[in-house]
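Colleague: First the structure, then my questions, so here it is.
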Amino acid sequence: MNLTKICIFLIFVSLSSYLLAGSDEHHDHSHDHENDESLFEEHSSHVHGHASAQVSYEDGILNINQSFSSIDIFGFEHTPKNDEQKNTIKQAVKILEMTEKLFSFDNAACEHESVLIEGDLIKATLESHEEHHEHEHEHEHEHHNDEELGEGSHTNIFANYTFKCNTEILNSIEYLVFDNFTSLKTIEVQYISNDHQSIFNATPDNRVQKLN
């Protein structure tokens, strides 16, 4: 075999190896992409309309911790993009702070001692308001939040309530929150007291939890 034929043969072998390697790389990349899509679909599942609560009652002190999906309270789960969405968040927070719109107690006069409402969207709204006069900084901050809490994000709201009741006998709690946030369909309540533990699924049609 002369030198020319040898060179042609080596070039052919090298080219064949390159094409085969490229084909394998493309196959692996496609496989990884399919796995990424599978993982995204797995983690993108999010239950709307469902909330949870932990309720404790001891020596006349009632504590209620609740967790809601932002979409059930605000109607969206991304960082507010305009004044209308910011006002929606502010109005919803005001309702969440009005305990008489959320709970009703039987056989006990309970007065709220403290209320704390927290969540990423609430924080983003407050920070946006404080930085209103720093337009450029606000724009960068909102852009950063949009990346973290954009369309498809799943955010929650956490509400903590503490009540002091003038009697240690508390027969029931009625959850009035369904009247104010109609997309909410169920609240899984875990209740504990000195001598009682129970789990109750509150719904718009079955909202009174018996404690005794």
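Naming works like this for the structure tokens: A, B, ... for the chains as they're shown, residue 1 at the start of each chain, ligands 1 onward in shown order.
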Find the spatial neighbours of Phe105 (chain A), counting only C-alpha atoms, within a cut-off of 12 Å - ignore same-chain residues fewer than 6 positions away - and output them as number ranges by chain.
Modeller: A: 62, 99, 111-112, 163-167, 169-176, 207-211
Colleague: Can those selected residues be exported to a file as a PDB file, in the first residue's frame so that it contains C-alpha atoms?
Modeller:
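Okay, selection-v4.pdb is ready:
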ATOM      1  CA  LEU A  62     -54.573  28.536  72.179  1.00  0.00           C
ATOM      2  CA  THR A  99     -58.831  36.755  63.435  1.00  0.00           C
ATOM      3  CA  GLU A 111     -58.811  37.199  72.513  1.00  0.00           C
ATOM      4  CA  HIS A 112     -55.855  37.174  70.159  1.00  0.00           C
ATOM      5  CA  PHE A 163     -55.119  33.457  71.758  1.00  0.00           C
ATOM      6  CA  LYS A 164     -55.736  33.783  75.464  1.00  0.00           C
ATOM      7  CA  CYS A 165     -59.044  32.284  76.552  1.00  0.00           C
ATOM      8  CA  ASN A 166     -60.779  33.178  79.824  1.00  0.00           C
ATOM      9  CA  THR A 167     -61.757  29.578  80.421  1.00  0.00           C
ATOM     10  CA  ILE A 169     -62.976  24.737  78.431  1.00  0.00           C
ATOM     11  CA  LEU A 170     -62.958  25.124  74.649  1.00  0.00           C
ATOM     12  CA  ASN A 171     -65.544  22.958  72.909  1.00  0.00           C
ATOM     13  CA  SER A 172     -64.922  23.688  69.231  1.00  0.00           C
ATOM     14  CA  ILE A 173     -63.215  25.821  66.595  1.00  0.00           C
ATOM     15  CA  GLU A 174     -65.003  26.930  63.451  1.00  0.00           C
ATOM     16  CA  TYR A 175     -62.794  27.743  60.480  1.00  0.00           C
ATOM     17  CA  LEU A 176     -64.243  30.813  58.790  1.00  0.00           C
ATOM     18  CA  ARG A 207     -65.742  23.422  59.193  1.00  0.00           C
ATOM     19  CA  VAL A 208     -66.479  22.964  62.918  1.00  0.00           C
ATOM     20  CA  GLN A 209     -63.879  20.946  64.788  1.00  0.00           C
ATOM     21  CA  LYS A 210     -65.083  19.362  68.030  1.00  0.00           C
ATOM     22  CA  LEU A 211     -62.314  19.356  70.600  1.00  0.00           C
TER      23      LEU A 211
END
Colleague: Within 9 Å of Tyr57 (chain A), counting only C-alpha atoms, which residues show up once you throw out same-chain ones fewer than 2 positions away? Write them as a list in words, please.
Modeller: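 After dropping sequence-adjacent residues, the list is Val55, Asp59, Gly60, Ile61, Leu62, Asn63, Ile64, Glu168, Leu170, Tyr191, Ile192, Ser193 and Asn194 of chain A.
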Colleague: Of the residues A:Asn156, A:Lys101, A:Gln197, A:His50, which is the one nearest to His78 (chain A), using only C-alpha atoms?
Modeller: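 Of A:Asn156, A:Lys101, A:Gln197, A:His50, the one nearest His78 (chain A) is A:Asn156, counting only C-alpha atoms.
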Colleague: Can you check which residues of region 63-140 of chain A DSSP gives as alpha helix (DSSP H) on the backbone and send them as an NGL selection string?
Modeller: :A and (70-73 or 83-97 or 120-130 or 135-140)
Colleague: I need the residue nearest His48 (chain A) from this list: A:Val177, A:Ala108, A:Ile199, A:Ile187. Use only C-alpha atoms for the distance.
Modeller: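 Answer, going by the shortest atom-to-atom distance: A:Ile187.
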Colleague: With distances taken over only C-alpha atoms, which of A:Gly49, A:Pro80, A:Gly119, A:Pro204 is nearest to Val93 (chain A)?
Modeller: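 Closest to Val93 (chain A) of all the choices is A:Gly119.
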Colleague: When you look at region 66-72 of chain A with a cut-off of 7 Å (counting only C-alpha atoms), what residues show up, excluding the ones that are within fewer than 6 positions of it in the same chain? I need them as a PyMOL selection string.
Modeller: chain A and resi 48-49+51-54+155-160+181+183-184
Colleague: So what do you get for CA of Glu188 (chain A) versus CA of Asn201 (chain A), distance-wise?
Modeller: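 Answer for the CA of Glu188 (chain A) to CA of Asn201 (chain A) separation: 4.6 Å.
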Colleague: Please report the interatomic distance between CA of Ala92 (chain A) and CA of Gln190 (chain A) in Å with one decimal.
Modeller: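 Between CA of Ala92 (chain A) and CA of Gln190 (chain A) the gap is 24.4 Å.
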Colleague: For CA of Leu102 (chain A) and CA of Asp120 (chain A), determine how far apart the two atoms are, in Å to one decimal place.
Modeller: 21.7 Å
